[in-house]
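A short write-up of the structure that comes next.
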Amino acid sequence: MSAVACAAEVTLRTAGESDAAAIAAIYAPHVRQGLATFELTPPDAVEMAARMRAIADAGHPWIIAERASRAVGYAYAGPYRLRPAYRYTTEDSIYLAADAMGQGIGRRLLDALIAACEARGDRQMIAVIGDSGNAASIGVHAAAGFAHVGVLRSAGRKFGRWIDVVLMQRALGHGDATSPSAEPA
């Protein structure tokens, strides 16, 4: 079956706290065996639900991908940094189950996330990609219009080695071409 056919069988929806266990299960192998995240201990469903609540309470999107009623991936956006000057800049995260990789699902999640962030008025999206060798994540971001803006050399340490962080950026909506309509005093 082609990647397009596999991605077409997937539905996207807003994630809720009832999805926390499935999301934690998708994330855990990335923590235990991967370099995309610098976490060392996988969060359990209770911790994941708390993280989801914090993202939702801040008005940021969290999207889940399902195939045959089974969660196969998720994406969310949160504040890039907490200082007020960064309020129009968001950071994305995308994780897929092992059997969902390479099927176009990550791109569908990223496109939906970009649309949701544009709708909420965000102007820039930053991808902070663990491991400069993470060709899949770098590729999906490049295909979605992200530009490579830098590499933080040896910024993390996991599995006994130093790991780079790749930074990519994409303008959302009008980007920096116009001022947001509701500037705080």
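Residue numbers start at 1 in each chain; chains themselves are named A, B, ... in the order of the structure tokens; ligands are numbered from 1 in the order shown.
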Just want the 10 Å neighbourhood of A:Pro29, counted on only C-alpha atoms, with same-chain residues fewer than 6 positions away dropped. Output as an mmCIF file with N, CA and C atoms, in the first residue's frame.
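Result went into part34.cif, see below:
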```
data_model
loop_
_atom_site.group_PDB
_atom_site.id
_atom_site.type_symbol
_atom_site.label_atom_id
_atom_site.label_comp_id
_atom_site.auth_asym_id
_atom_site.auth_seq_id
_atom_site.Cartn_x
_atom_site.Cartn_y
_atom_site.Cartn_z
ATOM 1 N N PRO A 42 10.491 7.890 30.088
ATOM 2 C CA PRO A 42 9.179 8.161 29.473
ATOM 3 C C PRO A 42 8.146 8.575 30.517
ATOM 4 N N LEU A 96 5.336 9.676 15.965
ATOM 5 C CA LEU A 96 4.561 8.622 15.321
ATOM 6 C C LEU A 96 4.886 7.266 15.929
ATOM 7 N N ALA A 97 3.905 6.374 15.911
ATOM 8 C CA ALA A 97 4.146 4.979 16.260
ATOM 9 C C ALA A 97 5.079 4.388 15.201
ATOM 10 N N ALA A 98 5.869 3.408 15.581
ATOM 11 C CA ALA A 98 6.850 2.829 14.655
ATOM 12 C C ALA A 98 6.209 2.331 13.368
#
```
What's around A:Ala45 at 8 Å? Count only C-alpha atoms, leave out sequence neighbours fewer than 4 positions away in its own chain, and write the answer as an MDAnalysis selection string.
chainID A and resid 20:24 49
For the residues in that selection, give me N, CA and C atoms as a PDB file, in the first residue's frame.
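Writing the result to out_20.pdb gives the following:
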```
ATOM      1  N   ALA A  20      -4.344  10.236  26.638  1.00  0.00           N
ATOM      2  CA  ALA A  20      -3.027  10.336  27.273  1.00  0.00           C
ATOM      3  C   ALA A  20      -2.268   9.014  27.302  1.00  0.00           C
ATOM      4  N   ALA A  21      -2.933   7.909  27.590  1.00  0.00           N
ATOM      5  CA  ALA A  21      -2.239   6.615  27.644  1.00  0.00           C
ATOM      6  C   ALA A  21      -1.716   6.222  26.270  1.00  0.00           C
ATOM      7  N   ALA A  22      -2.523   6.413  25.235  1.00  0.00           N
ATOM      8  CA  ALA A  22      -2.082   6.074  23.881  1.00  0.00           C
ATOM      9  C   ALA A  22      -0.928   6.972  23.449  1.00  0.00           C
ATOM     10  N   ILE A  23      -1.003   8.243  23.785  1.00  0.00           N
ATOM     11  CA  ILE A  23       0.062   9.178  23.437  1.00  0.00           C
ATOM     12  C   ILE A  23       1.341   8.821  24.193  1.00  0.00           C
ATOM     13  N   ALA A  24       1.220   8.502  25.470  1.00  0.00           N
ATOM     14  CA  ALA A  24       2.397   8.090  26.249  1.00  0.00           C
ATOM     15  C   ALA A  24       3.028   6.830  25.646  1.00  0.00           C
ATOM     16  N   ALA A  49      -1.111  13.416  30.570  1.00  0.00           N
ATOM     17  CA  ALA A  49      -2.387  14.144  30.676  1.00  0.00           C
ATOM     18  C   ALA A  49      -2.156  15.543  31.234  1.00  0.00           C
TER      19      ALA A  49
END
```
When you look at stretch 133-146 of chain A with a cut-off of 7 Å (counting only C-alpha atoms), what residues show up, excluding the ones that are within fewer than 3 positions of it in the same chain? I need them as JSON, numbers by chain.
{"A": [107, 168, 169, 170]}
Alpha helix (DSSP H) per DSSP on the backbone: members of chain A, as JSON, numbers by chain
{"A": [3, 4, 5, 6, 7, 8, 20, 21, 22, 23, 24, 25, 26, 27, 28, 29, 30, 31, 32, 33, 45, 46, 47, 48, 49, 50, 51, 52, 53, 54, 55, 56, 57, 105, 106, 107, 108, 109, 110, 111, 112, 113, 114, 115, 116, 117, 118, 119, 135, 136, 137, 138, 139, 140, 141, 142, 143]}
Within 6 Å of stretch 172-182 of chain A: each stretch 7-125 of chain A residue with its shortest pair, only C-alpha atoms, as a Markdown table:
```
| residue | atom | partner | partner_atom | distance |
| --- | --- | --- | --- | --- |
| A:Glu118 | CA | A:Gly173 | CA | 5.5 |
| A:Arg123 | CA | A:Leu172 | CA | 4.5 |
| A:Gln124 | CA | A:Leu172 | CA | 5.2 |
```
Go ahead and dump the residues you just picked, C-alpha atoms, as an mmCIF file, in the first residue's frame.
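Wrote part-v4.cif, looks like this:
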```cif
data_model
loop_
_atom_site.group_PDB
_atom_site.id
_atom_site.type_symbol
_atom_site.label_atom_id
_atom_site.label_comp_id
_atom_site.auth_asym_id
_atom_site.auth_seq_id
_atom_site.Cartn_x
_atom_site.Cartn_y
_atom_site.Cartn_z
ATOM 1 C CA GLU A 118 -2.221 30.233 12.029
ATOM 2 C CA ARG A 123 3.297 34.200 13.352
ATOM 3 C CA GLN A 124 6.331 31.900 13.505
#
```
Neighbour list for stretch 84-92 of chain A as a list of chain:residue names, cut-off 8 Å, only C-alpha atoms, skip fewer than 6 positions in-chain
A:Ala75, A:Tyr76, A:Ala77, A:Gly78, A:Leu113, A:Cys117, A:Gly121, A:Asp122, A:Arg123, A:Gln124, A:Met125, A:Ile126, A:Ala127, A:Val128
Would you mind exporting C-alpha atoms of the selected residues as a PDB file, in the first residue's frame?
```pdb
ATOM      1  CA  ALA A  75       1.470  16.574  17.124  1.00  0.00           C
ATOM      2  CA  TYR A  76       1.212  19.614  19.319  1.00  0.00           C
ATOM      3  CA  ALA A  77       2.434  23.177  19.478  1.00  0.00           C
ATOM      4  CA  GLY A  78       3.404  25.082  22.553  1.00  0.00           C
ATOM      5  CA  LEU A 113      -0.816  21.891  13.261  1.00  0.00           C
ATOM      6  CA  CYS A 117      -1.504  27.792  14.845  1.00  0.00           C
ATOM      7  CA  GLY A 121      -2.699  34.095  15.386  1.00  0.00           C
ATOM      8  CA  ASP A 122       0.771  32.634  15.750  1.00  0.00           C
ATOM      9  CA  ARG A 123       3.297  34.200  13.352  1.00  0.00           C
ATOM     10  CA  GLN A 124       6.331  31.900  13.505  1.00  0.00           C
ATOM     11  CA  MET A 125       6.807  28.177  14.097  1.00  0.00           C
ATOM     12  CA  ILE A 126      10.112  26.751  15.273  1.00  0.00           C
ATOM     13  CA  ALA A 127      11.143  23.121  14.921  1.00  0.00           C
ATOM     14  CA  VAL A 128      13.736  22.060  17.486  1.00  0.00           C
TER      15      VAL A 128
END
```
Excluding A:Lys158 and its own-chain neighbours fewer than 6 positions away, which residues fall within 12 Å of it when counting only C-alpha atoms? Please give them as number ranges by chain.
A: 31-41, 130-131, 164
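Separating atom CA of A:Ile55 from atom CA of A:Val166 is a distance of 23.2 Å.
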From the list A:Pro79, A:Gly16, A:Gly106, A:Gly160, which residue is nearest A:Trp62 when using only C-alpha atoms?
A:Gly16
Using DSSP on the backbone, list every residue of stretch 26-151 of chain A that comes out as strand (DSSP E or B), and give them as a ChimeraX atom specification.
/A:62-67,70-79,89-96,124-130,147-151
